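Everything below concerns the one structure shown next.
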Amino acid sequence: MVVIFEYVNANERGKREMLDIRVIREDIKKVKRAMLNRNQNVNLDRLLNLDRERKILVSEIEQLRFKRNKWSEEVCKLKRENKSVSVDFVADINAIKDKIQKQNKRLLATENQIEYFLARIPNIPDESVPIGKDARDNKVVKFVGDLRKFSFKPKYHWEIGEKLDILDFNAASKISGSRFAVLKNEGCDLERAIISFFLDTHKKKGYKEIMTPYLVNRASMRGTGQLPNLEEDLFKCANDDLFLIPTAEVPVTNIHRDCVFEESFLPQKYVSYSACFRREAGSYGRDTKGLIRNHQFDKVELVKFVKPETSDEELESLVFDAGNVLELLKLPYRLVLLCTGDIGFSSSKTYDLEIWLAGDGTYREISSCSNFKDFQAKRMNIKYLKDKKREFVYTLNGSGVAVGRTFAAILENYQQEDGSISIPEVLRKYTEFDAINPKK
RNA sequence: GGAGAAGUGGCCGAGUUGGUUUAAGGCGUCAGUCUCGAAAACUGAUAUAUGGAAACCCGUAUCGAGGGUUCAAAUCCCUCCUUCUCCGCCA
């Protein structure tokens, strides 16, 4: 690894700024427009006032400290020359000390408020992102693959899975609750086959496989932008201030938190399989059946660290790599460019890949590929050396792709009239069977 | 879980009776001299962030993190984090 060193600078760590406040200072109109397009209500004028207040306080405190340091040197000299220090002199220094302390308290309060604001300001959408209110304003870019014509009425994947005895939702709800799945028999083989197929395919394209913990600390969640806004959607450990990861994006991207790379290290591409955990708060009653919106699901994630000037192409190739596995599986999908009102908090531009579910008759998100630009890098303090200067890297990630939903799509798109499932060609070397047949 | 040790610049490593240390020294890196070129040798430079300044430069902060004591903290006190060693438990 060409990481040249890790930061140990307390100052930077403490004053890490989210969306760089300079952007807001210098181009307030742009930021205001961006927030409007995102339907976000942030009081940016208040933030700017706080920023001005902070600047004044800092310079005041620095001047006071300068004075104190000088006087302190005086004391040192006098002592060395064995001269006594006058009581008045000490009193004067103490007065300065009090002043510093007082202003410091004000500064701390101001900085806390600024940090509170900044941590909650989402990324600025890219120019190419369509302006829109919600998912209905997303743009379908293209359809890939042909929808199969059925000679019978296709079933839902949970019906097929339970009948084949490869899915068991009753067992899952008994041991854990709703929104969980138990895989059985060939279902387990299929799940592992999908995972292996995804990993192998992406590794051939230069992604490095990495396996990371499923529990991460608060700093990691802040780094990729899950915190502070999305805490409600995370599973949290009661005694340890640790969170279950909602995606491998979190641990994988945070691997390089507080790092500076040589330029030659970029682009750096990772592929990681992990289980993912989401509370799905606020989605009660939606997609309660099957594998679509579970609290725990498997996913293969792609993460990239790149130079800023290449990030547009890197997003396109990320989308291509994600779509590629679906095409190899011969699963039809459509590519959607999310509008300003629908992109995630940290993202600047996002494409969703939506898989066709024949039984359900709908397209469902199976991958979300985003360019975060320097938004996450600023939160995580990830830089690279460009002409000996430190610049923030750009980060991107996307599912490559969600395993559970792929499982569901295979069941619904590859189902046969007799209730069996034919296994997609590319998976057969992993499953070592061609079909899953009903038990007798 | 119990007991102990440690955390200093890109790396190694001094400094812990508080104040000429603006963090010694070495390695590495960069530039120069030398050379056809390189190595070696020699000379010099070499942390980060931030504020002011066109620039020279000046200020502030940072020795794992956060507090405290003091005129003054790498150094003393408290809390936390991480790593290592031993014991216990455990797949």
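The chains in the structure tokens are called A, B, ... from first to last as shown; in each chain the residues are counted from 1, and the ligands are counted from 1 in the order shown.
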
Return the neighbours of chain A among the residues of chain B, cut-off 9 Å, counting only C-alpha atoms (C1' of nucleotides), as a list in words.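 Residues satisfying the distance criterion: G10, G19, U48, A49, G51, G59, U60, A61, U62, G64, A65, C71 and A72 of chain B.
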
Residue neighbourhood Lys299 of chain A, 7 Å, only C-alpha atoms (C1' of nucleotides), exclusion window fewer than 6 positions, as a compact mmCIF listing (two decimals) with N, CA, C and O atoms, in the first residue's frame:
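As written to disk, selection-v6.txt reads:
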# COMPACT_ATOMS: atom_id res chain seq x y z
N TYR A 273 -17.85 -8.16 0.05
CA TYR A 273 -19.11 -8.79 0.40
C TYR A 273 -19.38 -8.53 1.88
O TYR A 273 -18.47 -8.61 2.70
N SER A 274 -20.62 -8.21 2.21
CA SER A 274 -20.97 -8.14 3.63
C SER A 274 -22.47 -8.34 3.80
O SER A 274 -23.24 -8.18 2.87
N ALA A 275 -22.82 -8.72 5.00
CA ALA A 275 -24.22 -8.62 5.39
C ALA A 275 -24.48 -7.15 5.69
O ALA A 275 -23.58 -6.42 6.09
N CYS A 276 -25.70 -6.68 5.47
CA CYS A 276 -26.06 -5.29 5.73
C CYS A 276 -27.27 -5.27 6.65
O CYS A 276 -28.13 -6.15 6.56
N SER A 399 -23.55 -0.56 -5.32
CA SER A 399 -23.75 -1.98 -5.07
C SER A 399 -23.36 -2.73 -6.33
O SER A 399 -23.63 -2.29 -7.43
N VAL A 401 -23.92 -6.47 -6.95
CA VAL A 401 -25.10 -5.71 -6.54
C VAL A 401 -25.72 -6.37 -5.32
O VAL A 401 -25.14 -7.30 -4.77
N ALA A 402 -26.92 -5.93 -4.92
CA ALA A 402 -27.61 -6.51 -3.77
C ALA A 402 -27.91 -7.99 -4.03
O ALA A 402 -28.50 -8.34 -5.05
N VAL A 403 -27.50 -8.84 -3.10
CA VAL A 403 -27.58 -10.28 -3.33
C VAL A 403 -29.02 -10.80 -3.14
O VAL A 403 -29.53 -11.56 -3.96

Rounded to one decimal, what separation in Å do you get between atom CA of Thr253 of chain A and atom CA of Thr224 of chain A?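 According to the coordinates, atom CA of Thr253 of chain A and atom CA of Thr224 of chain A are separated by 7.3 Å.
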
Exercise: C30 of chain B partners within 12 Å, only C-alpha atoms (C1' of nucleotides), chain neighbours under 5 positions left out, as JSON, numbers by chain: {"A": [388], "B": [44, 45, 46]}

So which residues of segment 271-395 of chain A fall under strand (DSSP E) by DSSP, listed as a PyMOL selection string? chain A and resi 271-277+296-306+333-337+349-357+362-373+382-386+389-392+394-395

Exercise: Ala409 of chain A partners within 7 Å, only C-alpha atoms (C1' of nucleotides), chain neighbours under 3 positions left out, as a list in words: Trp356, Leu357, Arg405, Thr406, Glu412 and Asn413 of chain A

Using only C-alpha atoms (C1' of nucleotides), determine which residues lie at most 10 Å from Lys236 of chain A, disregarding the query and same-chain residues fewer than 6 positions distant; provide the list as a PyMOL selection string. chain A and resi 215-218+242-245+279

Go ahead and save the picked residues with C-alpha atoms, as a tab-separated table (two decimals), in the first residue's frame.
chain	number	residue	atom	x	y	z
A	215	LEU	CA	-19.78	-3.33	13.58
A	216	VAL	CA	-18.27	0.14	13.31
A	217	ASN	CA	-17.86	3.13	15.57
A	218	ARG	CA	-19.53	6.54	15.44
A	242	LEU	CA	-21.12	0.60	17.94
A	243	PHE	CA	-23.42	0.35	14.95
A	244	LEU	CA	-24.26	-2.50	12.60
A	245	ILE	CA	-23.25	-1.48	9.09
A	279	ARG	CA	-33.89	-0.71	10.60

When distances are computed from only C-alpha atoms, which of A:Asp200, A:Glu231, A:Glu162, A:Asp240 shows the smallest separation from Val325 of chain A? A:Asp200

Considering only C-alpha atoms (C1' of nucleotides), return as a compact mmCIF listing (two decimals) with N, CA and C atoms, in the first residue's frame whatever protein or nucleic-acid residues lie within 6 Å of segment 118-128 of chain A, sequence-local ones (same chain, fewer than 5 positions apart) excluded.
# COMPACT_ATOMS: atom_id res chain seq x y z
N MET A 18 -17.28 19.74 7.25
CA MET A 18 -18.10 18.89 6.39
C MET A 18 -18.06 19.43 4.98
N ALA A 34 -28.76 24.85 -4.34
CA ALA A 34 -28.61 23.41 -4.21
C ALA A 34 -29.53 22.86 -3.12
N PHE A 345 -27.99 11.86 0.97
CA PHE A 345 -27.38 12.96 1.70
C PHE A 345 -25.96 13.29 1.24
N SER A 346 -25.13 12.26 1.10
CA SER A 346 -23.71 12.49 0.80
C SER A 346 -23.41 12.58 -0.69
N SER A 347 -24.39 12.17 -1.50
CA SER A 347 -24.12 12.01 -2.92
C SER A 347 -24.25 13.30 -3.71
N SER A 348 -23.44 13.38 -4.77
CA SER A 348 -23.52 14.50 -5.68
C SER A 348 -24.26 14.09 -6.95
N LYS A 349 -24.16 12.80 -7.26
CA LYS A 349 -24.85 12.28 -8.43
C LYS A 349 -25.03 10.78 -8.25

Run DSSP on the backbone and grab whatever in segment 208-409 of chain A lands in alpha helix (DSSP H); send it over as a short mmCIF file (atom, residue, chain, number, x, y, z; two decimals) with C-alpha atoms, in the first residue's frame.
data_model
loop_
_atom_site.label_atom_id
_atom_site.label_comp_id
_atom_site.auth_asym_id
_atom_site.auth_seq_id
_atom_site.Cartn_x
_atom_site.Cartn_y
_atom_site.Cartn_z
CA ARG A 218 -19.53 6.54 15.44
CA ALA A 219 -16.61 8.20 13.66
CA SER A 220 -16.92 5.80 10.73
CA MET A 221 -20.64 6.43 10.42
CA ARG A 222 -19.99 10.16 10.39
CA GLY A 223 -17.28 9.73 7.79
CA THR A 224 -19.50 8.29 5.11
CA GLU A 249 -19.44 1.25 2.04
CA VAL A 250 -19.00 2.39 5.63
CA PRO A 251 -16.11 0.18 6.79
CA VAL A 252 -14.45 -0.03 3.38
CA THR A 253 -14.36 3.72 2.76
CA ASN A 254 -13.29 4.43 6.34
CA SER A 311 -14.62 10.91 -11.21
CA ASP A 312 -17.20 11.38 -14.00
CA GLU A 313 -15.77 8.49 -16.03
CA GLU A 314 -15.31 6.45 -12.88
CA LEU A 315 -19.01 6.79 -12.07
CA GLU A 316 -19.92 5.65 -15.58
CA SER A 317 -17.61 2.63 -15.35
CA LEU A 318 -18.95 1.83 -11.88
CA VAL A 319 -22.46 1.79 -13.32
CA PHE A 320 -21.20 -0.36 -16.17
CA ASP A 321 -19.58 -2.85 -13.77
CA ALA A 322 -22.75 -3.11 -11.71
CA GLY A 323 -24.93 -3.54 -14.80
CA ASN A 324 -22.52 -6.06 -16.24
CA VAL A 325 -23.24 -8.72 -13.62
CA LEU A 326 -26.97 -8.37 -14.28
CA GLU A 327 -26.41 -8.70 -18.01
CA LEU A 328 -24.30 -11.81 -17.46
CA PHE A 375 -17.87 15.25 0.42
CA GLN A 376 -16.90 12.05 2.20
CA ALA A 377 -13.17 12.70 1.79
CA LYS A 378 -13.58 15.98 3.69
CA ARG A 379 -15.41 14.25 6.49
CA MET A 380 -12.84 11.48 6.61
CA VAL A 403 -27.58 -10.28 -3.33
CA GLY A 404 -31.01 -10.84 -1.76
CA ARG A 405 -32.78 -8.89 -4.47
CA THR A 406 -30.80 -10.75 -7.12
CA PHE A 407 -31.97 -13.99 -5.49
CA ALA A 408 -35.56 -12.74 -5.72
CA ALA A 409 -35.10 -11.64 -9.33
#

Closest to Ile421 of chain A among A:Leu331, A:Ile160, A:Cys259, A:Ile100, using only C-alpha atoms?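 For Ile421 of chain A, the nearest of the given residues is A:Ile160.
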
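Around C76 of chain B, within 10 Å and counting only C-alpha atoms (C1' of nucleotides), the residues found are U16, G18, U69 and U70 of chain B, once anything fewer than 5 positions away on its own chain is removed.
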
If I take atom CA of Gly359 of chain A and atom CA of Lys153 of chain A, how far is one from the other in Å, to one decimal? 7.8 Å

For a test of reading the model, state the distance in Å between atom CA of Arg334 of chain A and atom CA of Gln226 of chain A, rounded to one decimal.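 Separation between atom CA of Arg334 of chain A and atom CA of Gln226 of chain A: 26.8 Å.
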